[in-house]
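File shown here: input-v1.cif, holding mmCIF, C-alpha atoms.
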```cif
data_protein
#
loop_
_atom_site.label_atom_id
_atom_site.label_comp_id
_atom_site.auth_asym_id
_atom_site.auth_seq_id
_atom_site.Cartn_x
_atom_site.Cartn_y
_atom_site.Cartn_z
CA MET L 1 18.34 14.91 26.98
CA MET L 2 18.53 16.26 30.53
CA ASN L 3 15.25 17.68 31.80
CA ILE L 4 15.32 21.29 32.97
CA SER L 5 13.55 23.15 35.75
CA ILE L 6 13.23 26.91 35.58
CA VAL L 7 13.14 28.61 38.97
CA MET L 8 11.85 32.17 39.21
CA ALA L 9 11.70 34.53 42.17
CA THR L 10 8.96 37.17 41.99
CA TYR L 11 8.15 40.28 43.98
CA ASN L 12 5.78 42.94 42.66
CA GLY L 13 6.79 42.10 39.10
CA GLU L 14 3.41 42.60 37.41
CA ARG L 15 4.60 45.23 34.92
CA TRP L 16 7.05 43.10 32.89
CA LEU L 17 6.38 39.58 34.08
CA ARG L 18 4.16 38.47 31.23
CA GLU L 19 6.81 39.26 28.59
CA GLN L 20 9.29 37.09 30.46
CA LEU L 21 6.81 34.24 30.89
CA ASP L 22 5.95 34.34 27.18
CA SER L 23 9.66 34.10 26.33
CA LEU L 24 9.88 30.95 28.46
CA ALA L 25 6.96 29.44 26.57
CA SER L 26 8.73 30.24 23.29
CA GLN L 27 11.83 28.17 24.07
CA THR L 28 12.87 25.77 21.33
CA LEU L 29 13.54 23.29 24.16
CA LEU L 30 10.76 23.50 26.73
CA PRO L 31 11.48 22.95 30.43
CA MET L 32 9.86 20.17 32.41
CA GLU L 33 8.48 22.75 34.86
CA LEU L 34 8.50 26.34 36.03
CA VAL L 35 8.68 26.79 39.81
CA ILE L 36 7.95 30.30 41.09
CA SER L 37 8.52 31.54 44.62
CA ASP L 38 6.64 34.76 45.37
CA ASP L 39 7.92 37.04 48.12
CA LEU L 40 4.56 38.39 49.31
CA SER L 41 3.78 40.52 46.26
CA THR L 42 1.11 43.16 46.75
CA ASP L 43 0.41 43.89 43.08
CA GLY L 44 -1.06 41.70 40.35
CA THR L 45 1.94 39.36 40.05
CA LEU L 46 0.07 36.23 41.08
CA GLU L 47 -2.81 36.97 38.70
CA VAL L 48 -0.37 37.32 35.79
CA ILE L 49 1.11 33.95 36.71
CA ARG L 50 -2.33 32.36 37.03
CA GLN L 51 -3.39 33.57 33.59
CA PHE L 52 -0.16 32.32 32.02
CA ALA L 53 -0.41 28.94 33.72
CA THR L 54 -3.82 28.20 32.19
CA ALA L 55 -2.26 27.86 28.72
CA SER L 56 1.39 27.19 29.54
CA PRO L 57 3.07 24.40 27.54
CA PHE L 58 4.70 23.16 30.76
CA PRO L 59 3.55 22.82 34.41
CA VAL L 60 3.72 25.96 36.53
CA ARG L 61 3.90 25.70 40.31
CA VAL L 62 3.84 28.63 42.73
CA VAL L 63 5.14 28.53 46.30
CA ARG L 64 4.33 31.55 48.46
CA ASN L 65 6.51 32.77 51.29
CA GLU L 66 5.11 33.17 54.78
CA VAL L 67 7.64 35.91 55.54
CA ARG L 68 9.60 38.28 53.31
CA ARG L 69 12.71 36.34 52.35
CA GLY L 70 14.66 38.78 50.22
CA PHE L 71 15.95 38.04 46.73
CA ALA L 72 18.36 35.17 47.47
CA ASP L 73 16.27 33.14 49.90
CA ASN L 74 13.32 33.63 47.57
CA PHE L 75 15.28 31.73 44.91
CA ILE L 76 16.35 29.12 47.46
CA HIS L 77 12.68 28.58 48.35
CA ALA L 78 11.92 27.86 44.69
CA LEU L 79 14.98 25.61 44.35
CA ARG L 80 13.73 23.35 47.15
CA SER L 81 10.65 22.51 45.07
CA CYS L 82 12.23 21.87 41.66
CA ARG L 83 13.05 18.42 40.27
CA GLY L 84 15.07 18.94 37.08
CA ALA L 85 18.46 17.41 36.33
CA ALA L 86 19.52 20.94 35.41
CA VAL L 87 18.16 24.24 36.72
CA ALA L 88 17.97 27.68 35.10
CA TYR L 89 17.63 30.74 37.33
CA CYS L 90 15.11 33.21 35.93
CA ASP L 91 14.47 36.86 36.83
CA GLN L 92 10.97 38.26 36.52
CA ASP L 93 11.72 41.20 34.23
CA ASP L 94 14.09 39.95 31.51
CA VAL L 95 13.33 38.40 28.12
CA TRP L 96 14.99 35.16 27.04
CA SER L 97 16.15 34.25 23.57
CA PRO L 98 14.17 31.25 22.26
CA LEU L 99 17.48 29.32 22.04
CA LYS L 100 18.64 29.89 25.62
CA LEU L 101 17.81 26.50 27.13
CA GLU L 102 18.68 24.51 24.02
CA ARG L 103 22.10 26.15 23.65
CA CYS L 104 23.01 25.85 27.33
CA ILE L 105 21.94 22.24 27.78
CA SER L 106 23.75 21.20 24.60
CA VAL L 107 26.98 22.48 26.15
CA MET L 108 26.34 20.92 29.57
CA GLN L 109 25.70 17.50 28.05
CA ARG L 110 29.06 17.42 26.26
CA ASP L 111 30.88 16.40 29.44
CA PRO L 112 29.59 14.97 32.75
CA GLY L 113 32.12 17.14 34.56
CA ILE L 114 30.43 20.40 33.51
CA THR L 115 28.57 21.83 36.49
CA LEU L 116 27.52 25.26 35.20
CA VAL L 117 27.08 26.99 31.84
CA HIS L 118 26.74 30.77 31.60
CA HIS L 119 26.52 33.28 28.77
CA ASP L 120 26.45 36.96 27.78
CA CYS L 121 23.49 39.28 28.34
CA GLU L 122 22.39 42.32 26.37
CA GLU L 123 21.46 45.44 28.30
CA VAL L 124 18.13 46.94 27.23
CA GLY L 125 15.86 49.71 28.47
CA CYS L 126 12.39 49.35 29.95
CA ASP L 127 10.95 49.16 26.43
CA LEU L 128 13.51 46.51 25.40
CA ARG L 129 15.41 49.09 23.35
CA PRO L 130 19.05 47.93 23.00
CA LEU L 131 21.54 50.10 24.89
CA GLY L 132 24.57 48.89 22.90
CA ILE L 133 26.07 47.19 25.96
CA ILE L 134 26.97 43.55 26.60
CA LEU L 135 27.31 42.12 30.11
CA ARG L 136 30.20 39.67 30.17
CA THR L 137 31.54 37.96 33.23
CA ARG L 138 34.83 39.26 34.62
CA SER L 139 36.68 35.96 34.54
CA ARG L 140 39.51 34.13 32.82
CA LEU L 141 36.78 31.69 31.76
CA SER L 142 35.33 34.36 29.49
CA GLY L 143 36.28 34.82 25.89
CA ASP L 144 37.62 38.11 24.56
CA GLU L 145 35.92 38.10 21.19
CA PRO L 146 35.25 41.68 20.03
CA MET L 147 31.58 42.68 19.89
CA VAL L 148 30.93 44.99 16.95
CA HIS L 149 28.83 48.07 17.82
CA HIS L 150 28.70 47.09 21.52
CA ARG L 151 30.56 48.16 24.62
CA ILE L 152 31.42 45.33 27.00
CA ILE L 153 30.85 45.70 30.75
CA ARG L 154 32.76 43.19 32.87
CA HIS L 155 30.95 41.93 35.94
CA PRO L 156 30.62 38.81 38.13
CA ALA L 157 28.56 36.09 36.43
CA GLN L 158 24.91 36.65 37.25
CA GLY L 159 22.23 34.09 37.99
CA CYS L 160 19.97 34.92 35.06
CA SER L 161 22.66 33.69 32.66
CA MET L 162 23.26 30.36 34.44
CA LEU L 163 22.23 26.77 33.78
CA VAL L 164 23.22 24.71 36.83
CA HIS L 165 23.75 20.97 37.19
CA ARG L 166 21.63 19.15 39.77
CA SER L 167 24.70 18.18 41.79
CA VAL L 168 25.45 21.87 42.39
CA VAL L 169 21.82 22.67 43.21
CA ASP L 170 21.85 19.95 45.87
CA ALA L 171 25.09 21.32 47.31
CA VAL L 172 23.66 24.84 47.45
CA LEU L 173 20.54 23.61 49.25
CA ASN L 174 22.52 21.48 51.73
CA LEU L 175 24.94 24.26 52.62
CA TRP L 176 22.79 27.41 52.34
CA PRO L 177 23.17 29.34 55.63
CA GLU L 178 20.11 29.86 57.80
CA GLY L 179 21.73 33.06 58.99
CA ASN L 180 20.96 34.78 55.70
CA LEU L 181 17.20 34.65 56.25
CA ARG L 182 17.61 35.68 59.88
CA ASN L 183 19.61 38.68 58.71
CA VAL L 184 16.91 39.64 56.17
CA ILE L 185 14.13 39.39 58.77
CA SER L 186 16.01 41.23 61.52
CA SER L 187 17.45 44.00 59.34
CA GLY L 188 14.60 44.53 56.89
CA ARG L 189 17.19 44.64 54.11
CA ARG L 190 17.10 42.69 50.85
CA GLY L 191 19.91 40.37 51.97
CA ASP L 192 23.68 40.35 51.47
CA LEU L 193 24.51 36.83 50.32
CA ALA L 194 23.67 36.16 46.66
CA HIS L 195 22.41 32.73 45.58
CA ASP L 196 24.14 33.00 42.21
CA MET L 197 27.55 33.76 43.71
CA VAL L 198 27.26 30.79 46.07
CA THR L 199 26.22 28.68 43.08
CA LEU L 200 29.21 29.87 41.06
CA HIS L 201 31.63 29.13 43.91
CA LEU L 202 30.34 25.60 44.42
CA ALA L 203 30.09 24.88 40.69
CA SER L 204 33.71 25.99 40.22
CA TYR L 205 34.86 23.74 43.05
CA LEU L 206 32.77 20.69 42.17
CA GLY L 207 33.41 20.65 38.42
CA GLU L 208 33.92 22.73 35.30
CA VAL L 209 32.27 26.08 34.63
CA VAL L 210 31.84 26.75 30.90
CA TYR L 211 31.37 30.18 29.36
CA LEU L 212 29.19 30.41 26.24
CA PRO L 213 29.81 33.60 24.17
CA ASP L 214 26.16 33.89 23.06
CA LEU L 215 23.66 36.68 23.71
CA LEU L 216 20.76 34.73 25.19
CA ILE L 217 19.04 37.28 27.45
CA LYS L 218 17.76 40.82 27.17
CA HIS L 219 18.55 42.19 30.62
CA ARG L 220 16.01 44.94 31.28
CA ARG L 221 17.15 47.97 33.26
CA HIS L 222 14.71 49.92 35.44
CA ARG L 223 14.62 51.61 38.82
CA GLN L 224 13.34 48.53 40.62
CA ASN L 225 16.23 46.27 39.53
CA THR L 226 17.57 44.16 42.40
CA TRP L 227 20.99 44.55 40.83
CA SER L 228 22.41 46.13 37.70
CA PRO L 229 25.99 47.12 36.87
CA GLU L 230 27.02 50.75 36.70
CA LEU L 231 27.01 51.90 33.08
CA ARG L 232 28.33 55.42 33.36
CA THR L 233 31.89 55.83 32.15
CA PRO L 234 32.69 59.42 33.17
CA HIS L 235 32.82 60.11 36.88
CA LYS L 236 32.79 63.52 38.47
CA SER L 237 35.02 64.34 41.39
CA GLY L 238 32.77 66.87 43.10
CA THR L 239 31.96 66.80 46.80
CA ALA L 240 28.51 65.24 46.44
CA GLU L 241 29.78 62.51 44.11
CA LEU L 242 32.69 61.75 46.42
CA GLU L 243 30.41 61.52 49.45
CA ALA L 244 28.18 59.11 47.56
CA ARG L 245 31.17 56.92 46.73
CA VAL L 246 32.32 56.92 50.35
CA SER L 247 28.83 55.84 51.40
CA THR L 248 28.97 53.02 48.82
CA LEU L 249 32.35 51.88 50.12
CA LYS L 250 31.02 51.76 53.68
CA GLU L 251 28.01 49.75 52.52
CA ASN L 252 30.29 47.35 50.63
CA ALA L 253 32.38 46.88 53.77
CA ARG L 254 29.28 46.14 55.87
CA SER L 255 27.88 43.73 53.31
CA SER L 256 31.21 41.93 52.86
CA LEU L 257 31.50 41.36 56.60
CA ILE L 258 28.08 39.73 56.65
CA ARG L 259 28.85 37.60 53.59
CA ALA L 260 32.08 36.43 55.22
CA SER L 261 30.10 35.23 58.23
CA MET L 262 27.68 33.41 55.92
CA TYR L 263 30.50 31.58 54.14
CA GLU L 264 31.90 30.64 57.55
CA GLU L 265 28.49 29.18 58.47
CA MET L 266 28.45 27.24 55.20
CA ALA L 267 31.94 25.91 55.92
CA GLU L 268 30.76 24.69 59.33
CA ARG L 269 27.78 22.96 57.73
CA ALA L 270 30.06 21.26 55.21
CA LYS L 271 32.39 20.13 57.99
CA ALA L 272 29.47 18.67 59.96
CA MET L 273 28.45 16.71 56.84
CA GLY L 274 31.95 15.28 56.49
CA GLU L 275 32.70 17.37 53.39
CA ILE L 276 36.08 18.51 54.66
CA THR L 277 37.54 19.67 51.35
CA VAL L 278 34.43 21.71 50.58
CA ALA L 279 34.63 23.18 54.10
CA CYS L 280 38.25 24.21 53.50
CA TYR L 281 37.33 25.85 50.21
CA LEU L 282 34.46 27.81 51.78
CA THR L 283 36.74 28.88 54.63
CA ARG L 284 39.11 30.34 52.03
CA VAL L 285 36.19 32.14 50.38
CA ALA L 286 35.18 33.55 53.78
CA ASP L 287 38.74 34.74 54.36
CA ARG L 288 38.90 36.47 50.95
CA THR L 289 35.53 38.11 51.59
CA LEU L 290 36.74 39.36 54.97
CA LYS L 291 39.81 40.85 53.31
CA SER L 292 37.52 42.58 50.83
CA ALA L 293 35.63 44.10 53.75
CA ARG L 294 38.89 45.49 55.12
CA PHE L 295 39.76 46.89 51.70
CA PHE L 296 36.41 48.67 51.36
CA TYR L 297 36.59 49.94 54.94
CA GLY L 298 40.10 51.30 54.41
CA ARG L 299 39.12 53.04 51.18
CA SER L 300 36.05 54.58 52.80
CA GLY L 301 38.34 56.11 55.41
CA LEU L 302 40.84 57.26 52.79
CA TYR L 303 38.34 58.86 50.43
CA GLY L 304 36.31 60.28 53.31
CA SER L 305 39.28 62.19 54.73
CA SER L 306 39.66 65.88 54.00
CA SER L 307 43.24 66.48 55.16
CA LEU L 308 46.49 65.31 53.60
CA GLY L 309 47.75 63.88 56.89
CA SER L 310 44.62 61.86 57.48
CA ARG L 311 44.60 60.49 53.92
CA LEU L 312 48.25 59.44 54.17
CA ALA L 313 47.56 57.79 57.53
CA TRP L 314 44.71 55.75 56.03
CA PHE L 315 46.84 54.76 53.04
CA SER L 316 49.72 53.69 55.29
CA ARG L 317 47.32 51.65 57.41
CA MET L 318 45.97 49.87 54.33
CA LEU L 319 49.49 48.95 53.23
CA HIS L 320 50.53 47.63 56.63
CA THR L 321 47.34 45.63 57.23
CA GLY L 322 47.50 43.90 53.84
CA SER L 323 44.31 45.48 52.51
CA TYR L 324 45.53 45.10 48.93
CA ALA L 325 46.46 41.42 49.28
CA ASN L 326 43.12 40.13 48.00
CA LEU L 327 43.14 41.99 44.68
CA GLY L 328 44.52 39.21 42.47
CA SER L 329 47.53 39.87 40.26
CA THR L 330 50.50 42.07 41.08
CA PHE L 331 49.38 44.46 38.34
CA VAL L 332 46.01 45.01 40.00
CA PHE L 333 47.71 45.47 43.38
CA VAL L 334 50.06 48.11 41.99
CA ARG L 335 47.31 49.87 40.04
CA CYS L 336 44.94 50.15 43.02
CA ALA L 337 47.71 51.18 45.39
CA PHE L 338 48.88 53.82 42.90
CA LYS L 339 45.38 55.25 42.55
CA ASP L 340 44.94 55.37 46.32
CA LEU L 341 48.32 57.00 46.82
CA ALA L 342 47.45 59.57 44.17
CA PHE L 343 44.24 60.38 46.02
CA ALA L 344 46.06 60.50 49.36
CA LEU L 345 48.47 63.09 47.95
CA ALA L 346 46.16 65.14 45.73
CA GLY L 347 42.63 64.51 47.03
CA PRO L 348 39.74 64.83 44.54
CA LEU L 349 42.13 66.44 42.09
CA ALA L 350 43.66 62.97 41.57
CA ALA L 351 40.82 61.81 39.32
CA ARG L 352 41.39 64.68 36.90
CA LEU L 353 45.18 64.26 36.99
CA LEU L 354 44.96 60.54 36.27
CA GLU L 355 42.59 61.14 33.39
CA MET L 356 45.01 63.66 31.87
CA LEU L 357 47.82 61.12 32.28
CA ARG L 358 45.76 58.39 30.66
CA ARG L 359 45.01 60.55 27.64
CA GLN L 360 48.62 61.65 27.19
CA LEU L 361 49.98 58.10 27.44
CA ARG L 362 46.97 56.54 25.67
CA LEU L 363 46.53 54.02 28.46
CA ASP L 364 43.47 51.79 28.70
CA PHE L 365 42.60 53.05 32.15
CA ASP L 366 39.23 54.16 33.41
CA PRO L 367 39.50 57.02 35.97
CA GLN L 368 36.16 55.91 37.40
CA GLU L 369 38.03 53.06 39.07
CA LEU L 370 39.71 55.62 41.32
CA ILE L 371 36.80 55.73 43.72
CA GLU L 372 34.92 52.51 42.97
#
```
Whole structure given in structure tokens:
Amino acid sequence: MMNISIVMATYNGERWLREQLDSLASQTLLPMELVISDDLSTDGTLEVIRQFATASPFPVRVVRNEVRRGFADNFIHALRSCRGAAVAYCDQDDVWSPLKLERCISVMQRDPGITLVHHDCEEVGCDLRPLGIILRTRSRLSGDEPMVHHRIIRHPAQGCSMLVHRSVVDAVLNLWPEGNLRNVISSGRRGDLAHDMVTLHLASYLGEVVYLPDLLIKHRRHRQNTWSPELRTPHKSGTAELEARVSTLKENARSSLIRASMYEEMAERAKAMGEITVACYLTRVADRTLKSARFFYGRSGLYGSSSLGSRLAWFSRMLHTGSYANLGSTFVFVRCAFKDLAFALAGPLAARLLEMLRRQLRLDFDPQELIE
């Protein structure tokens, strides 16, 4: 049986931390260790950890940051101290199913080529009340089994659902860009590059990523979440809502530009280590991320324009600069281009018109996508 390290990143997590720690202690397969990196918490986080560690059924080690690292580098700091053959990322505010580690490791051990196992998560409120929503990765690797009494939200695979092979952990640590921490320190932001997305990229390249259609985490939603998917299905087309979406698009463009530079730095590190094929892969990731930045930037201009002429000019520019080229299948390209053209011609009225069309034709189309 492969031994497992759990790595947790904490920051002012006192309120819900103990429930998560207790769920780790209740695992049917206990980890060999829990390594926690604390990002200069100012509440009682460290005291909660200390109390838990006195009776924990496995060793607990805490590494404290000397500077605020942000969410991703906080995890990286913990990763550098763990020793397991497999590593599970752990958020400070969720609750794990007792079977999480046992189920994931049983899948990973089936084949030496499996580099990452991930699973579904259940969305719950602050009080752990089920919200009737399942988080499932937006990937061809994911199953499409219907979930009775639940709505499924598609999203990129998130770290809290991952069990990662040691080979991938070592690759992440060797290639992690120093520029990410510099960006966090200089900007005061939480960071733009996500450790779990880098992990997923490298795991996909180095081996096989396996999806497990089991609910093994209660993903708690609250105002202090580092990240949570949007759950609202209806979307208003009023001025304030539109301005908020434009602001989000601009932020996505800024963040994507920074992430592209980070992947370029990782590619250079891989090249310096003689890992040429890995470097080529990361260069392609950087290029796709840069194209995403152009797409978000173009849409921010389109949806931020008040005149028909300006909207059409932005749409034409997006077509000619290949802004839609990074969207995957031809169907997605056509759908996004159609939505943008509709907005260019009709403005905010487009959302209402598309919703009417969807209802009349009974299409499985969410009008919220118009300005996402």
Neighbours of Thr10 in chain L within 8 Å (only C-alpha atoms; same-chain residues fewer than 4 positions away dropped), as an mmCIF file with C-alpha atoms, in the coordinates of the input?
```cif
data_model
loop_
_atom_site.group_PDB
_atom_site.id
_atom_site.type_symbol
_atom_site.label_atom_id
_atom_site.label_comp_id
_atom_site.auth_asym_id
_atom_site.auth_seq_id
_atom_site.Cartn_x
_atom_site.Cartn_y
_atom_site.Cartn_z
ATOM 1 C CA ILE L 36 7.950 30.300 41.090
ATOM 2 C CA SER L 37 8.520 31.540 44.620
ATOM 3 C CA ASP L 38 6.640 34.760 45.370
ATOM 4 C CA ASP L 39 7.920 37.040 48.120
ATOM 5 C CA SER L 41 3.780 40.520 46.260
ATOM 6 C CA THR L 45 1.940 39.360 40.050
ATOM 7 C CA ASN L 74 13.320 33.630 47.570
ATOM 8 C CA ASP L 91 14.470 36.860 36.830
ATOM 9 C CA GLN L 92 10.970 38.260 36.520
#
```
Checklist entry - What does the PyMOL selection byres ((chain L and resi 135) around 6) select in this file, as a PyMOL selection string? => result chain L and resi 120-121+134+136+153
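Nearest-residue note for Ala171 in chain L: choosing from L:Leu200, L:Met1, L:Leu193, L:Val95, the minimum distance belongs to L:Leu200, counting only C-alpha atoms.
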Item to check | All residues 12 Å or closer to Phe315 in chain L, all atoms listed in the file, same chain fewer than 3 positions away omitted, as a PyMOL selection string | outcome: chain L and resi 295+297-305+308-312+318-324+336-345
Checklist outcome for this item: Judged by only C-alpha atoms, the minimum distance to Cys82 in chain L among L:Ile6, L:Leu128, L:Val117, L:Ile49 is found for L:Ile6
Protein/DNA/RNA residues near (22.2, 37.7, 22.9), cut 8 Å, only C-alpha atoms, as a short mmCIF file (atom, residue, chain, number, x, y, z; two decimals) with C-alpha atoms, in the coordinates of the input:
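Final output, saved to selection16.cif:
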```cif
data_model
loop_
_atom_site.label_atom_id
_atom_site.label_comp_id
_atom_site.auth_asym_id
_atom_site.auth_seq_id
_atom_site.Cartn_x
_atom_site.Cartn_y
_atom_site.Cartn_z
CA SER L 97 16.15 34.25 23.57
CA ASP L 120 26.45 36.96 27.78
CA CYS L 121 23.49 39.28 28.34
CA GLU L 122 22.39 42.32 26.37
CA ASP L 214 26.16 33.89 23.06
CA LEU L 215 23.66 36.68 23.71
CA LEU L 216 20.76 34.73 25.19
CA ILE L 217 19.04 37.28 27.45
CA LYS L 218 17.76 40.82 27.17
#
```
Checklist entry - Taking all atoms listed in the file into account, which of L:Val184, L:Ala9, L:Met266, L:Leu99 comes nearest Ser26 in chain L? => result L:Leu99
Item to check | Point-to-point distance from CA of Met162 in chain L to CA of Cys90 in chain L, Å rounded to tenths | outcome: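 Result for CA of Met162 in chain L versus CA of Cys90 in chain L: 8.8 Å, one decimal.
Interatomic distance, CA of Asn180 in chain L against CA of Met262 in chain L: 6.9 Å.
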Next on the checklist: Which residues are near Thr115 in chain L? Cut-off 12 Å, all atoms listed in the file, ignore same chain within fewer than 5 positions. Put them as number ranges by chain.
Outcome noted: L: 85-87, 104-105, 107-110, 162-171, 199-211
Would you save the residues from that selection as a PDB file, keeping the file's coordinate frame, using C-alpha atoms?
```pdb
ATOM      1  CA  ALA L  85      18.460  17.410  36.330  1.00  0.00           C
ATOM      2  CA  ALA L  86      19.520  20.940  35.410  1.00  0.00           C
ATOM      3  CA  VAL L  87      18.160  24.240  36.720  1.00  0.00           C
ATOM      4  CA  CYS L 104      23.010  25.850  27.330  1.00  0.00           C
ATOM      5  CA  ILE L 105      21.940  22.240  27.780  1.00  0.00           C
ATOM      6  CA  VAL L 107      26.980  22.480  26.150  1.00  0.00           C
ATOM      7  CA  MET L 108      26.340  20.920  29.570  1.00  0.00           C
ATOM      8  CA  GLN L 109      25.700  17.500  28.050  1.00  0.00           C
ATOM      9  CA  ARG L 110      29.060  17.420  26.260  1.00  0.00           C
ATOM     10  CA  MET L 162      23.260  30.360  34.440  1.00  0.00           C
ATOM     11  CA  LEU L 163      22.230  26.770  33.780  1.00  0.00           C
ATOM     12  CA  VAL L 164      23.220  24.710  36.830  1.00  0.00           C
ATOM     13  CA  HIS L 165      23.750  20.970  37.190  1.00  0.00           C
ATOM     14  CA  ARG L 166      21.630  19.150  39.770  1.00  0.00           C
ATOM     15  CA  SER L 167      24.700  18.180  41.790  1.00  0.00           C
ATOM     16  CA  VAL L 168      25.450  21.870  42.390  1.00  0.00           C
ATOM     17  CA  VAL L 169      21.820  22.670  43.210  1.00  0.00           C
ATOM     18  CA  ASP L 170      21.850  19.950  45.870  1.00  0.00           C
ATOM     19  CA  ALA L 171      25.090  21.320  47.310  1.00  0.00           C
ATOM     20  CA  THR L 199      26.220  28.680  43.080  1.00  0.00           C
ATOM     21  CA  LEU L 200      29.210  29.870  41.060  1.00  0.00           C
ATOM     22  CA  HIS L 201      31.630  29.130  43.910  1.00  0.00           C
ATOM     23  CA  LEU L 202      30.340  25.600  44.420  1.00  0.00           C
ATOM     24  CA  ALA L 203      30.090  24.880  40.690  1.00  0.00           C
ATOM     25  CA  SER L 204      33.710  25.990  40.220  1.00  0.00           C
ATOM     26  CA  TYR L 205      34.860  23.740  43.050  1.00  0.00           C
ATOM     27  CA  LEU L 206      32.770  20.690  42.170  1.00  0.00           C
ATOM     28  CA  GLY L 207      33.410  20.650  38.420  1.00  0.00           C
ATOM     29  CA  GLU L 208      33.920  22.730  35.300  1.00  0.00           C
ATOM     30  CA  VAL L 209      32.270  26.080  34.630  1.00  0.00           C
ATOM     31  CA  VAL L 210      31.840  26.750  30.900  1.00  0.00           C
ATOM     32  CA  TYR L 211      31.370  30.180  29.360  1.00  0.00           C
TER      33      TYR L 211
END
```
Item to check | Selection as an MDAnalysis selection string: residues within 12 Å of (13.1, 24.6, 24.6), counting all atoms listed in the file | outcome: chainID L and resid 1:6 23:33 57:58 88 96:106
Next on the checklist: Report, in Å with one decimal, the straight-line distance from CA of Glu66 in chain L to CA of Glu14 in chain L.
Outcome noted: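 About the pair CA of Glu66 in chain L and CA of Glu14 in chain L: they are 19.8 Å apart.
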Item to check | Residues returned when the PyMOL selection byres ((chain L and resi 123) around 6) runs on this file, as an MDAnalysis selection string | outcome: chainID L and resid 122 124 131 133 219
Could the residues in this selection be written to a file with C-alpha atoms, as a CSV table (one decimal), keeping the file's coordinate frame?
```
chain,number,residue,atom,x,y,z
L,122,GLU,CA,22.4,42.3,26.4
L,124,VAL,CA,18.1,46.9,27.2
L,131,LEU,CA,21.5,50.1,24.9
L,133,ILE,CA,26.1,47.2,26.0
L,219,HIS,CA,18.6,42.2,30.6
```
Item to check | Long-range neighbours of Asp192 in chain L as a list in words, 8 Å cut-off, all atoms listed in the file, 6 positions minimum in chain | outcome: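 Answer for this query is Asn180, Ser255, Ser256, Ile258 and Arg259 of chain L.
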